[in-house]
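*Asks:* upload-v2.cif is reproduced in full below (mmCIF, C-alpha atoms).
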data_my_file
loop_
_atom_site.label_atom_id
_atom_site.label_comp_id
_atom_site.auth_asym_id
_atom_site.auth_seq_id
_atom_site.Cartn_x
_atom_site.Cartn_y
_atom_site.Cartn_z
CA MET A 101 -83.04 -106.18 115.91
CA SER A 102 -80.38 -108.83 116.45
CA ALA A 103 -76.79 -108.32 115.32
CA VAL A 104 -77.31 -110.93 112.61
CA GLY A 105 -80.48 -109.24 111.37
CA SER A 106 -78.76 -105.90 111.39
CA GLU A 107 -75.81 -107.25 109.39
CA ILE A 108 -78.16 -108.76 106.80
CA GLU A 109 -80.15 -105.54 106.56
CA GLU A 110 -77.43 -102.93 106.86
CA GLY A 111 -74.20 -104.74 106.04
CA LEU A 112 -72.18 -104.90 102.84
CA CYS A 113 -71.92 -108.68 102.69
CA LEU A 114 -74.01 -110.41 100.05
CA ALA A 115 -75.83 -113.26 101.78
CA PRO A 116 -78.94 -114.30 99.79
CA ARG A 117 -81.41 -116.12 101.99
CA PHE A 118 -82.88 -118.96 99.96
CA ASP A 119 -86.00 -120.55 101.46
CA LYS A 120 -86.30 -124.10 102.75
CA SER A 121 -86.78 -125.38 99.20
CA GLY A 122 -83.60 -123.58 98.15
CA VAL A 123 -85.06 -120.73 96.09
CA LEU A 124 -85.94 -117.05 96.37
CA PRO A 125 -88.13 -114.84 94.18
CA CYS A 126 -86.50 -112.56 91.64
CA VAL A 127 -88.22 -109.50 90.18
CA THR A 128 -86.90 -108.60 86.76
CA GLN A 129 -87.27 -104.99 85.69
CA GLU A 130 -86.35 -103.39 82.40
CA ALA A 131 -83.49 -101.00 83.14
CA SER A 132 -84.30 -98.51 80.40
CA THR A 133 -88.06 -98.17 81.04
CA GLY A 134 -88.74 -99.31 84.61
CA VAL A 135 -91.28 -101.84 83.34
CA VAL A 136 -91.58 -104.88 85.63
CA LEU A 137 -91.13 -107.73 83.17
CA MET A 138 -91.58 -110.88 85.23
CA VAL A 139 -91.08 -112.67 88.52
CA ALA A 140 -89.24 -115.98 88.61
CA TYR A 141 -87.18 -117.97 91.09
CA MET A 142 -83.49 -118.51 91.58
CA ASN A 143 -81.59 -121.13 93.52
CA GLN A 144 -77.98 -120.53 94.45
CA GLU A 145 -76.69 -121.99 91.21
CA ALA A 146 -79.01 -119.81 89.10
CA PHE A 147 -77.94 -116.74 91.06
CA GLU A 148 -74.24 -117.55 90.64
CA LYS A 149 -74.69 -118.26 86.95
CA THR A 150 -76.52 -114.96 86.49
CA VAL A 151 -73.65 -113.10 88.16
CA ALA A 152 -71.01 -115.01 86.22
CA THR A 153 -72.59 -114.84 82.75
CA GLY A 154 -74.48 -111.53 82.86
CA ARG A 155 -77.53 -113.30 81.45
CA ALA A 156 -80.57 -113.85 83.64
CA THR A 157 -80.76 -117.48 84.71
CA TYR A 158 -83.61 -118.84 86.82
CA PHE A 159 -84.57 -122.10 88.44
CA SER A 160 -87.79 -123.70 87.23
CA ARG A 161 -89.57 -125.11 90.26
CA SER A 162 -91.95 -127.15 88.10
CA ARG A 163 -89.22 -128.66 85.94
CA GLY A 164 -86.62 -128.80 88.70
CA LYS A 165 -83.81 -127.36 86.61
CA LEU A 166 -81.94 -124.22 85.64
CA TRP A 167 -83.41 -122.12 82.91
CA VAL A 168 -81.44 -119.51 80.96
CA LYS A 169 -84.03 -116.95 79.89
CA GLY A 170 -83.85 -116.75 76.11
CA GLN A 171 -82.21 -120.12 75.57
CA GLU A 172 -85.17 -121.34 73.53
CA SER A 173 -86.64 -118.08 72.30
CA GLY A 174 -83.51 -116.02 71.79
CA HIS A 175 -85.08 -113.45 74.11
CA TYR A 176 -82.16 -113.15 76.49
CA GLN A 177 -82.00 -110.72 79.40
CA VAL A 178 -78.72 -108.84 79.66
CA VAL A 179 -78.11 -108.01 83.31
CA ARG A 180 -77.22 -104.42 84.12
CA GLU A 181 -77.53 -104.48 87.90
CA ILE A 182 -78.45 -106.89 90.69
CA ARG A 183 -80.08 -105.56 93.85
CA VAL A 184 -81.10 -107.33 97.05
CA ASP A 185 -83.85 -106.35 99.43
CA CYS A 186 -83.50 -105.50 103.11
CA ASP A 187 -83.65 -109.03 104.44
CA GLN A 188 -81.88 -110.51 101.39
CA ASP A 189 -84.65 -112.95 100.57
CA CYS A 190 -85.55 -111.32 97.27
CA ILE A 191 -83.55 -110.20 94.22
CA LEU A 192 -84.23 -107.34 91.82
CA LEU A 193 -82.57 -107.72 88.43
CA LEU A 194 -82.28 -104.72 86.16
CA VAL A 195 -81.93 -105.96 82.61
CA GLU A 196 -82.09 -105.12 78.97
CA GLN A 197 -84.69 -107.39 77.45
CA GLU A 198 -84.02 -108.80 74.00
CA GLY A 199 -87.35 -109.48 72.26
CA ALA A 200 -90.04 -109.92 74.92
CA ALA A 201 -90.09 -111.35 78.42
CA CYS A 202 -93.35 -113.25 78.47
CA HIS A 203 -93.76 -116.68 76.91
CA VAL A 204 -97.34 -115.74 75.95
CA GLY A 205 -95.88 -113.16 73.57
CA TYR A 206 -96.16 -109.91 75.51
CA HIS A 207 -93.28 -107.63 76.41
CA SER A 208 -94.05 -108.00 80.14
CA CYS A 209 -95.81 -110.86 81.93
CA PHE A 210 -98.03 -108.24 83.60
CA TYR A 211 -100.21 -107.47 80.57
CA ARG A 212 -103.58 -107.48 82.36
CA ARG A 213 -104.95 -105.44 85.23
CA VAL A 214 -107.88 -105.92 87.57
CA LYS A 215 -110.79 -103.94 86.14
CA THR A 216 -111.92 -101.22 88.50
CA GLY A 217 -115.48 -101.58 89.70
CA ALA A 218 -115.89 -105.01 88.16
CA ALA A 219 -114.88 -107.55 90.78
CA GLY A 220 -113.23 -110.57 89.29
CA GLU A 221 -112.63 -109.15 85.83
CA LEU A 222 -109.39 -108.37 84.05
CA GLU A 223 -108.64 -106.07 81.16
CA TYR A 224 -105.68 -105.93 78.81
CA LEU A 225 -103.07 -103.20 79.02
CA ALA A 226 -100.98 -103.91 75.98
CA ALA A 227 -101.91 -103.18 72.40
CA GLY A 228 -100.82 -106.61 71.30
CA LYS A 229 -98.22 -109.32 71.42
CA THR A 230 -94.61 -108.69 70.56
CA PHE A 231 -94.22 -112.16 69.08
CA ASN A 232 -96.24 -115.25 68.25
CA PRO A 233 -95.33 -117.96 70.78
CA GLU A 234 -96.18 -120.79 68.41
CA THR A 235 -93.67 -119.45 65.92
CA VAL A 236 -90.99 -119.00 68.55
CA TYR A 237 -91.51 -122.09 70.70
CA GLY A 238 -93.66 -124.37 68.56
CA ALA A 239 -97.21 -125.35 69.47
CA SER A 240 -96.40 -127.44 72.54
CA ALA A 241 -93.44 -125.76 74.20
CA ARG A 242 -93.77 -123.97 77.49
CA LYS A 243 -91.40 -121.03 77.79
CA GLY A 244 -87.83 -119.84 77.78
CA MET B 142 -101.16 -125.39 76.23
CA SER B 143 -104.35 -126.75 77.79
CA ALA B 144 -107.65 -124.89 77.59
CA VAL B 145 -107.42 -124.15 81.30
CA GLY B 146 -103.90 -122.79 80.94
CA SER B 147 -104.97 -120.69 78.01
CA GLU B 148 -107.92 -119.25 79.96
CA ILE B 149 -105.65 -118.36 82.88
CA GLU B 150 -103.10 -116.80 80.55
CA GLU B 151 -105.32 -115.14 77.97
CA GLY B 152 -108.74 -114.85 79.60
CA LEU B 153 -110.43 -111.94 81.35
CA CYS B 154 -111.36 -113.81 84.52
CA LEU B 155 -109.35 -112.93 87.61
CA ALA B 156 -108.26 -116.23 89.18
CA PRO B 157 -105.22 -115.71 91.43
CA ARG B 158 -103.33 -118.95 91.95
CA PHE B 159 -102.20 -119.07 95.56
CA ASP B 160 -99.57 -121.71 96.32
CA LYS B 161 -100.04 -124.74 98.56
CA SER B 162 -99.47 -122.60 101.65
CA GLY B 163 -102.15 -120.18 100.45
CA VAL B 164 -100.02 -117.22 99.39
CA LEU B 165 -98.52 -115.63 96.29
CA PRO B 166 -95.77 -113.02 95.91
CA CYS B 167 -96.71 -109.42 95.28
CA VAL B 168 -94.34 -106.88 93.75
CA THR B 169 -95.15 -103.33 94.79
CA GLN B 170 -94.03 -100.58 92.45
CA GLU B 171 -94.32 -96.83 92.89
CA ALA B 172 -96.77 -95.65 90.21
CA SER B 173 -95.26 -92.20 89.78
CA THR B 174 -91.59 -93.21 89.51
CA GLY B 175 -91.47 -96.89 88.52
CA VAL B 176 -89.31 -97.67 91.57
CA VAL B 177 -89.79 -101.24 92.81
CA LEU B 178 -90.49 -100.67 96.49
CA MET B 179 -90.81 -104.15 97.98
CA VAL B 180 -91.94 -107.73 97.56
CA ALA B 181 -94.35 -109.24 100.07
CA TYR B 182 -96.95 -112.00 100.12
CA MET B 183 -100.73 -112.03 99.93
CA ASN B 184 -103.24 -114.70 100.82
CA GLN B 185 -106.75 -114.50 99.46
CA GLU B 186 -107.97 -112.36 102.36
CA ALA B 187 -105.10 -109.88 101.96
CA PHE B 188 -105.78 -109.65 98.23
CA GLU B 189 -109.51 -109.07 98.77
CA LYS B 190 -108.84 -106.48 101.47
CA THR B 191 -106.41 -104.67 99.18
CA VAL B 192 -109.04 -104.53 96.43
CA ALA B 193 -111.79 -103.49 98.85
CA THR B 194 -109.89 -100.81 100.81
CA GLY B 195 -107.46 -99.46 98.21
CA ARG B 196 -104.64 -99.80 100.73
CA ALA B 197 -101.99 -102.45 100.26
CA THR B 198 -102.53 -105.32 102.66
CA TYR B 199 -100.21 -108.29 102.87
CA PHE B 200 -100.00 -111.57 104.74
CA SER B 201 -97.02 -112.02 107.04
CA ARG B 202 -95.83 -115.60 106.70
CA SER B 203 -93.65 -115.32 109.81
CA ARG B 204 -96.40 -113.86 111.98
CA GLY B 205 -99.24 -115.75 110.30
CA LYS B 206 -101.53 -112.74 110.02
CA LEU B 207 -102.70 -109.91 107.80
CA TRP B 208 -100.60 -106.80 107.73
CA VAL B 209 -101.87 -103.45 106.49
CA LYS B 210 -98.77 -101.65 105.22
CA GLY B 211 -98.56 -98.39 107.18
CA GLN B 212 -100.71 -99.47 110.09
CA GLU B 213 -97.82 -98.99 112.52
CA SER B 214 -95.69 -96.46 110.67
CA GLY B 215 -98.33 -94.36 108.94
CA HIS B 216 -96.56 -95.18 105.68
CA TYR B 217 -99.60 -96.47 103.82
CA GLN B 218 -99.60 -97.53 100.19
CA VAL B 219 -102.51 -96.14 98.16
CA VAL B 220 -103.31 -98.59 95.39
CA ARG B 221 -103.61 -97.17 91.88
CA GLU B 222 -103.68 -100.37 89.87
CA ILE B 223 -103.48 -104.13 90.37
CA ARG B 224 -101.95 -106.32 87.67
CA VAL B 225 -101.58 -110.09 87.44
CA ASP B 226 -98.94 -112.00 85.56
CA CYS B 227 -99.48 -114.50 82.76
CA ASP B 228 -100.09 -117.55 84.95
CA GLN B 229 -101.80 -115.52 87.69
CA ASP B 230 -99.46 -116.65 90.45
CA CYS B 231 -97.96 -113.21 91.04
CA ILE B 232 -99.42 -109.74 91.62
CA LEU B 233 -98.01 -106.34 90.67
CA LEU B 234 -99.39 -103.46 92.73
CA LEU B 235 -98.91 -99.92 91.49
CA VAL B 236 -99.14 -97.60 94.47
CA GLU B 237 -98.47 -94.18 95.81
CA GLN B 238 -96.18 -94.62 98.78
CA GLU B 239 -96.76 -92.41 101.80
CA GLY B 240 -93.46 -91.95 103.67
CA ALA B 241 -91.16 -94.84 102.81
CA ALA B 242 -91.71 -98.52 102.03
CA CYS B 243 -88.85 -100.16 103.89
CA HIS B 244 -88.92 -100.80 107.63
CA VAL B 245 -85.15 -100.15 107.73
CA GLY B 246 -85.90 -96.54 106.79
CA TYR B 247 -85.22 -96.44 103.05
CA HIS B 248 -87.72 -95.44 100.39
CA SER B 249 -87.40 -98.85 98.70
CA CYS B 250 -86.35 -102.18 100.22
CA PHE B 251 -83.87 -102.54 97.34
CA TYR B 252 -81.31 -100.02 98.60
CA ARG B 253 -78.18 -102.10 97.93
CA ARG B 254 -76.74 -103.61 94.77
CA VAL B 255 -74.20 -106.31 94.15
CA LYS B 256 -70.87 -104.62 93.59
CA THR B 257 -69.48 -105.30 90.13
CA GLY B 258 -66.17 -107.13 90.08
CA ALA B 259 -66.23 -107.77 93.83
CA ALA B 260 -67.94 -111.11 94.36
CA GLY B 261 -69.96 -111.21 97.54
CA GLU B 262 -69.95 -107.48 98.25
CA LEU B 263 -72.82 -105.02 98.28
CA GLU B 264 -72.85 -101.27 97.92
CA TYR B 265 -75.51 -98.73 98.82
CA LEU B 266 -77.60 -96.98 96.21
CA ALA B 267 -79.49 -94.48 98.28
CA ALA B 268 -78.13 -91.29 99.75
CA GLY B 269 -79.68 -92.04 103.10
CA LYS B 270 -82.71 -93.12 105.04
CA THR B 271 -86.04 -91.42 104.66
CA PHE B 272 -86.89 -91.99 108.31
CA ASN B 273 -85.38 -93.34 111.52
CA PRO B 274 -87.01 -96.71 112.24
CA GLU B 275 -86.45 -96.42 115.98
CA THR B 276 -88.44 -93.21 116.03
CA VAL B 277 -91.24 -94.65 113.94
CA TYR B 278 -91.49 -98.18 115.33
CA GLY B 279 -89.60 -98.05 118.62
CA ALA B 280 -86.38 -99.95 119.23
CA SER B 281 -87.84 -103.46 119.19
CA ALA B 282 -90.62 -103.36 116.61
CA ARG B 283 -90.31 -105.21 113.34
CA LYS B 284 -92.11 -103.44 110.52
CA GLY B 285 -95.37 -102.16 109.16
#
Take the structure in the file and give it back as structure tokens.
*Replies:*
Amino acid sequence: MSAVGSEIEEGLCLAPRFDKSGVLPCVTQEASTGVVLMVAYMNQEAFEKTVATGRATYFSRSRGKLWVKGQESGHYQVVREIRVDCDQDCILLLVEQEGAACHVGYHSCFYRRVKTGAAGELEYLAAGKTFNPETVYGASARKG
Amino acid sequence: MSAVGSEIEEGLCLAPRFDKSGVLPCVTQEASTGVVLMVAYMNQEAFEKTVATGRATYFSRSRGKLWVKGQESGHYQVVREIRVDCDQDCILLLVEQEGAACHVGYHSCFYRRVKTGAAGELEYLAAGKTFNPETVYGASARKG
């Protein structure tokens, strides 16, 4: 392991390693329950804004712009802790989720699992949606 | 939302959406504790092998090959459940972790958090390493 690698992995200096397109993946977990809510991406500006405001802010790769989670829906994520992984190319946010995380209406984006013994099939985990996305976003909106 | 989008988001057909380089991110969470252990990448072959063998298998983007977690270290991940997110471009694996997940020696790769009120500084969460990586991998090995 090089000195640089060792410093990134074992040091106390925050040095997020954004990829060549300027982003890194962020896993967002509910602090109170441990539920993994979603995975999204951050660029440096989104990361800095998240630290500064205490509200999860991501970078939409498809829309090419910052995205404050909850700005449209009111379903903000209040940041309780920010962790980095060993090689500092991934972030783990611990949050309190207001409303629900998923734009489809579920509390978590991971509302389906691969059905055991039935290759290629999914089954639902959740009892139902937390909200109706058409009511929150309108019929054509995407997420937020 | 298009019909295709709706099917991906609300349907029961597993259709993982690998990116243009053929991979998607996978969050691996300890089933028994809820601890987020690591984030790695899967290509289609890694995903299929994970489903078929019940042991977490990833694709190393830097080495350009499949990587069975635990193959070098003995620290296998026994898969309990596989979830997909709303747009099926991210996987959540629920596993039982044998040994520790992180090649640095910690149980989880997320062993440091951003220190509150001290911009740019990290602090350690964990009491200590679960194993000595030099003993497990040798002085020069990378991970596994």
*Asks:* Select residues of chain B: the criterion is any atom within 9 Å of an atom of chain A, counting all atoms listed in the file; output as an NGL selection string.
*Replies:* :B and (142 or 150-156 or 166 or 168 or 170 or 174-177 or 179-180 or 192 or 222-228 or 231-233 or 243-245 or 249-257 or 260-265 or 280-283)
*Asks:* Where does chain B end up after superposition onto chain A over all in-order Cα pairs? Give it as a PDB file with C-alpha atoms, in the frame of the given file.
*Replies:*
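Written out: result_29.pdb:
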ATOM      1  CA  MET B 142     -83.173-106.255 115.879  1.00  0.00           C
ATOM      2  CA  SER B 143     -80.444-108.844 116.434  1.00  0.00           C
ATOM      3  CA  ALA B 144     -76.860-108.272 115.330  1.00  0.00           C
ATOM      4  CA  VAL B 145     -77.310-110.888 112.626  1.00  0.00           C
ATOM      5  CA  GLY B 146     -80.477-109.228 111.368  1.00  0.00           C
ATOM      6  CA  SER B 147     -78.771-105.878 111.379  1.00  0.00           C
ATOM      7  CA  GLU B 148     -75.812-107.239 109.386  1.00  0.00           C
ATOM      8  CA  ILE B 149     -78.155-108.758 106.803  1.00  0.00           C
ATOM      9  CA  GLU B 150     -80.148-105.542 106.575  1.00  0.00           C
ATOM     10  CA  GLU B 151     -77.428-102.922 106.863  1.00  0.00           C
ATOM     11  CA  GLY B 152     -74.184-104.723 106.042  1.00  0.00           C
ATOM     12  CA  LEU B 153     -72.176-104.903 102.829  1.00  0.00           C
ATOM     13  CA  CYS B 154     -71.906-108.687 102.688  1.00  0.00           C
ATOM     14  CA  LEU B 155     -74.013-110.398 100.043  1.00  0.00           C
ATOM     15  CA  ALA B 156     -75.824-113.270 101.779  1.00  0.00           C
ATOM     16  CA  PRO B 157     -78.924-114.298  99.801  1.00  0.00           C
ATOM     17  CA  ARG B 158     -81.405-116.130 101.998  1.00  0.00           C
ATOM     18  CA  PHE B 159     -82.881-118.965  99.971  1.00  0.00           C
ATOM     19  CA  ASP B 160     -86.003-120.538 101.468  1.00  0.00           C
ATOM     20  CA  LYS B 161     -86.302-124.098 102.758  1.00  0.00           C
ATOM     21  CA  SER B 162     -86.773-125.389  99.213  1.00  0.00           C
ATOM     22  CA  GLY B 163     -83.599-123.581  98.148  1.00  0.00           C
ATOM     23  CA  VAL B 164     -85.052-120.733  96.098  1.00  0.00           C
ATOM     24  CA  LEU B 165     -85.936-117.055  96.376  1.00  0.00           C
ATOM     25  CA  PRO B 166     -88.124-114.845  94.174  1.00  0.00           C
ATOM     26  CA  CYS B 167     -86.497-112.558  91.651  1.00  0.00           C
ATOM     27  CA  VAL B 168     -88.214-109.506  90.186  1.00  0.00           C
ATOM     28  CA  THR B 169     -86.884-108.599  86.759  1.00  0.00           C
ATOM     29  CA  GLN B 170     -87.262-104.991  85.693  1.00  0.00           C
ATOM     30  CA  GLU B 171     -86.347-103.389  82.386  1.00  0.00           C
ATOM     31  CA  ALA B 172     -83.478-100.987  83.147  1.00  0.00           C
ATOM     32  CA  SER B 173     -84.296 -98.506  80.401  1.00  0.00           C
ATOM     33  CA  THR B 174     -88.045 -98.168  81.031  1.00  0.00           C
ATOM     34  CA  GLY B 175     -88.727 -99.310  84.604  1.00  0.00           C
ATOM     35  CA  VAL B 176     -91.276-101.854  83.335  1.00  0.00           C
ATOM     36  CA  VAL B 177     -91.566-104.881  85.628  1.00  0.00           C
ATOM     37  CA  LEU B 178     -91.132-107.732  83.170  1.00  0.00           C
ATOM     38  CA  MET B 179     -91.587-110.888  85.234  1.00  0.00           C
ATOM     39  CA  VAL B 180     -91.083-112.671  88.527  1.00  0.00           C
ATOM     40  CA  ALA B 181     -89.236-115.983  88.599  1.00  0.00           C
ATOM     41  CA  TYR B 182     -87.191-117.976  91.095  1.00  0.00           C
ATOM     42  CA  MET B 183     -83.477-118.514  91.589  1.00  0.00           C
ATOM     43  CA  ASN B 184     -81.584-121.134  93.532  1.00  0.00           C
ATOM     44  CA  GLN B 185     -77.981-120.536  94.465  1.00  0.00           C
ATOM     45  CA  GLU B 186     -76.682-121.993  91.198  1.00  0.00           C
ATOM     46  CA  ALA B 187     -79.008-119.814  89.103  1.00  0.00           C
ATOM     47  CA  PHE B 188     -77.942-116.740  91.064  1.00  0.00           C
ATOM     48  CA  GLU B 189     -74.238-117.543  90.643  1.00  0.00           C
ATOM     49  CA  LYS B 190     -74.689-118.254  86.936  1.00  0.00           C
ATOM     50  CA  THR B 191     -76.523-114.958  86.491  1.00  0.00           C
ATOM     51  CA  VAL B 192     -73.658-113.089  88.165  1.00  0.00           C
ATOM     52  CA  ALA B 193     -71.012-115.017  86.221  1.00  0.00           C
ATOM     53  CA  THR B 194     -72.580-114.849  82.735  1.00  0.00           C
ATOM     54  CA  GLY B 195     -74.466-111.545  82.843  1.00  0.00           C
ATOM     55  CA  ARG B 196     -77.531-113.297  81.443  1.00  0.00           C
ATOM     56  CA  ALA B 197     -80.556-113.860  83.634  1.00  0.00           C
ATOM     57  CA  THR B 198     -80.773-117.477  84.709  1.00  0.00           C
ATOM     58  CA  TYR B 199     -83.598-118.831  86.815  1.00  0.00           C
ATOM     59  CA  PHE B 200     -84.572-122.097  88.452  1.00  0.00           C
ATOM     60  CA  SER B 201     -87.792-123.699  87.251  1.00  0.00           C
ATOM     61  CA  ARG B 202     -89.566-125.131  90.276  1.00  0.00           C
ATOM     62  CA  SER B 203     -91.950-127.150  88.098  1.00  0.00           C
ATOM     63  CA  ARG B 204     -89.204-128.646  85.947  1.00  0.00           C
ATOM     64  CA  GLY B 205     -86.601-128.789  88.715  1.00  0.00           C
ATOM     65  CA  LYS B 206     -83.792-127.351  86.612  1.00  0.00           C
ATOM     66  CA  LEU B 207     -81.925-124.210  85.634  1.00  0.00           C
ATOM     67  CA  TRP B 208     -83.416-122.103  82.910  1.00  0.00           C
ATOM     68  CA  VAL B 209     -81.452-119.507  80.965  1.00  0.00           C
ATOM     69  CA  LYS B 210     -84.042-116.937  79.894  1.00  0.00           C
ATOM     70  CA  GLY B 211     -83.851-116.760  76.094  1.00  0.00           C
ATOM     71  CA  GLN B 212     -82.220-120.124  75.564  1.00  0.00           C
ATOM     72  CA  GLU B 213     -85.197-121.348  73.533  1.00  0.00           C
ATOM     73  CA  SER B 214     -86.650-118.081  72.278  1.00  0.00           C
ATOM     74  CA  GLY B 215     -83.522-116.001  71.768  1.00  0.00           C
ATOM     75  CA  HIS B 216     -85.088-113.439  74.095  1.00  0.00           C
ATOM     76  CA  TYR B 217     -82.165-113.146  76.490  1.00  0.00           C
ATOM     77  CA  GLN B 218     -82.006-110.727  79.391  1.00  0.00           C
ATOM     78  CA  VAL B 219     -78.712-108.829  79.660  1.00  0.00           C
ATOM     79  CA  VAL B 220     -78.102-108.009  83.303  1.00  0.00           C
ATOM     80  CA  ARG B 221     -77.215-104.408  84.123  1.00  0.00           C
ATOM     81  CA  GLU B 222     -77.528-104.486  87.889  1.00  0.00           C
ATOM     82  CA  ILE B 223     -78.447-106.884  90.688  1.00  0.00           C
ATOM     83  CA  ARG B 224     -80.078-105.563  93.854  1.00  0.00           C
ATOM     84  CA  VAL B 225     -81.095-107.335  97.052  1.00  0.00           C
ATOM     85  CA  ASP B 226     -83.841-106.340  99.422  1.00  0.00           C
ATOM     86  CA  CYS B 227     -83.492-105.475 103.098  1.00  0.00           C
ATOM     87  CA  ASP B 228     -83.653-109.029 104.445  1.00  0.00           C
ATOM     88  CA  GLN B 229     -81.878-110.501 101.406  1.00  0.00           C
ATOM     89  CA  ASP B 230     -84.637-112.962 100.570  1.00  0.00           C
ATOM     90  CA  CYS B 231     -85.545-111.329  97.262  1.00  0.00           C
ATOM     91  CA  ILE B 232     -83.549-110.202  94.220  1.00  0.00           C
ATOM     92  CA  LEU B 233     -84.227-107.338  91.815  1.00  0.00           C
ATOM     93  CA  LEU B 234     -82.558-107.733  88.424  1.00  0.00           C
ATOM     94  CA  LEU B 235     -82.273-104.722  86.155  1.00  0.00           C
ATOM     95  CA  VAL B 236     -81.918-105.970  82.601  1.00  0.00           C
ATOM     96  CA  GLU B 237     -82.089-105.114  78.971  1.00  0.00           C
ATOM     97  CA  GLN B 238     -84.696-107.386  77.453  1.00  0.00           C
ATOM     98  CA  GLU B 239     -84.022-108.789  74.001  1.00  0.00           C
ATOM     99  CA  GLY B 240     -87.350-109.489  72.260  1.00  0.00           C
ATOM    100  CA  ALA B 241     -90.038-109.922  74.900  1.00  0.00           C
ATOM    101  CA  ALA B 242     -90.085-111.358  78.420  1.00  0.00           C
ATOM    102  CA  CYS B 243     -93.358-113.258  78.457  1.00  0.00           C
ATOM    103  CA  HIS B 244     -93.765-116.696  76.901  1.00  0.00           C
ATOM    104  CA  VAL B 245     -97.349-115.752  75.947  1.00  0.00           C
ATOM    105  CA  GLY B 246     -95.876-113.170  73.571  1.00  0.00           C
ATOM    106  CA  TYR B 247     -96.164-109.914  75.513  1.00  0.00           C
ATOM    107  CA  HIS B 248     -93.281-107.634  76.416  1.00  0.00           C
ATOM    108  CA  SER B 249     -94.043-108.018  80.139  1.00  0.00           C
ATOM    109  CA  CYS B 250     -95.815-110.873  81.932  1.00  0.00           C
ATOM    110  CA  PHE B 251     -98.031-108.249  83.599  1.00  0.00           C
ATOM    111  CA  TYR B 252    -100.206-107.472  80.573  1.00  0.00           C
ATOM    112  CA  ARG B 253    -103.580-107.477  82.360  1.00  0.00           C
ATOM    113  CA  ARG B 254    -104.956-105.427  85.231  1.00  0.00           C
ATOM    114  CA  VAL B 255    -107.868-105.913  87.558  1.00  0.00           C
ATOM    115  CA  LYS B 256    -110.771-103.944  86.159  1.00  0.00           C
ATOM    116  CA  THR B 257    -111.921-101.211  88.519  1.00  0.00           C
ATOM    117  CA  GLY B 258    -115.485-101.559  89.736  1.00  0.00           C
ATOM    118  CA  ALA B 259    -115.902-105.003  88.174  1.00  0.00           C
ATOM    119  CA  ALA B 260    -114.879-107.543  90.793  1.00  0.00           C
ATOM    120  CA  GLY B 261    -113.225-110.579  89.292  1.00  0.00           C
ATOM    121  CA  GLU B 262    -112.633-109.156  85.822  1.00  0.00           C
ATOM    122  CA  LEU B 263    -109.385-108.373  84.055  1.00  0.00           C
ATOM    123  CA  GLU B 264    -108.648-106.065  81.170  1.00  0.00           C
ATOM    124  CA  TYR B 265    -105.674-105.918  78.830  1.00  0.00           C
ATOM    125  CA  LEU B 266    -103.063-103.202  79.048  1.00  0.00           C
ATOM    126  CA  ALA B 267    -100.963-103.902  76.014  1.00  0.00           C
ATOM    127  CA  ALA B 268    -101.863-103.153  72.434  1.00  0.00           C
ATOM    128  CA  GLY B 269    -100.803-106.594  71.329  1.00  0.00           C
ATOM    129  CA  LYS B 270     -98.217-109.317  71.425  1.00  0.00           C
ATOM    130  CA  THR B 271     -94.615-108.687  70.557  1.00  0.00           C
ATOM    131  CA  PHE B 272     -94.236-112.153  69.069  1.00  0.00           C
ATOM    132  CA  ASN B 273     -96.266-115.252  68.242  1.00  0.00           C
ATOM    133  CA  PRO B 274     -95.344-117.950  70.772  1.00  0.00           C
ATOM    134  CA  GLU B 275     -96.200-120.774  68.390  1.00  0.00           C
ATOM    135  CA  THR B 276     -93.681-119.447  65.909  1.00  0.00           C
ATOM    136  CA  VAL B 277     -90.997-119.002  68.532  1.00  0.00           C
ATOM    137  CA  TYR B 278     -91.519-122.091  70.687  1.00  0.00           C
ATOM    138  CA  GLY B 279     -93.663-124.391  68.560  1.00  0.00           C
ATOM    139  CA  ALA B 280     -97.215-125.338  69.475  1.00  0.00           C
ATOM    140  CA  SER B 281     -96.412-127.455  72.529  1.00  0.00           C
ATOM    141  CA  ALA B 282     -93.424-125.775  74.155  1.00  0.00           C
ATOM    142  CA  ARG B 283     -93.745-124.021  77.476  1.00  0.00           C
ATOM    143  CA  LYS B 284     -91.394-121.069  77.767  1.00  0.00           C
ATOM    144  CA  GLY B 285     -87.841-119.846  77.786  1.00  0.00           C
TER     145      GLY B 285
END
*Asks:* Quick one: residues within 8 Å of Glu196 (chain A), only C-alpha atoms counted, chain neighbours fewer than 3 positions away excluded, as a JSON list (two decimals) with C-alpha atoms, in the frame of the given file?
*Replies:*
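The file below, part-v2.json, is the result:
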[["chain", "number", "residue", "atom", "x", "y", "z"],
["A", 130, "GLU", "CA", -86.35, -103.39, 82.40],
["A", 131, "ALA", "CA", -83.49, -101.00, 83.14],
["A", 132, "SER", "CA", -84.30, -98.51, 80.40],
["A", 177, "GLN", "CA", -82.00, -110.72, 79.40],
["A", 178, "VAL", "CA", -78.72, -108.84, 79.66],
["A", 179, "VAL", "CA", -78.11, -108.01, 83.31],
["A", 180, "ARG", "CA", -77.22, -104.42, 84.12]]
*Asks:* Please write as a list in words the full residue list that the PyMOL selection byres ((chain B and resi 164) around 7) yields on this file.
*Replies:*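 Checked against the file, the PyMOL selection byres ((chain B and resi 164) around 7) matches Phe159, Asp160, Ser162, Gly163, Leu165, Pro166, Tyr182, Met183 and Asn184 of chain B.
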*Asks:* At what distance in Å, to one decimal, does CA of Arg117 (chain A) lie from CA of Ser160 (chain A)?
*Replies:* 17.8 Å
*Asks:* CA of Ser173 (chain A) and CA of Ala201 (chain A), how far apart in Å?
*Replies:*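 So the answer is 9.7 Å.
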*Asks:* Between CA of Ala197 (chain B) and CA of Lys210 (chain B), measure the distance and give it in Å to one decimal.
*Replies:*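 Answer for the CA of Ala197 (chain B) to CA of Lys210 (chain B) separation: 6.0 Å.
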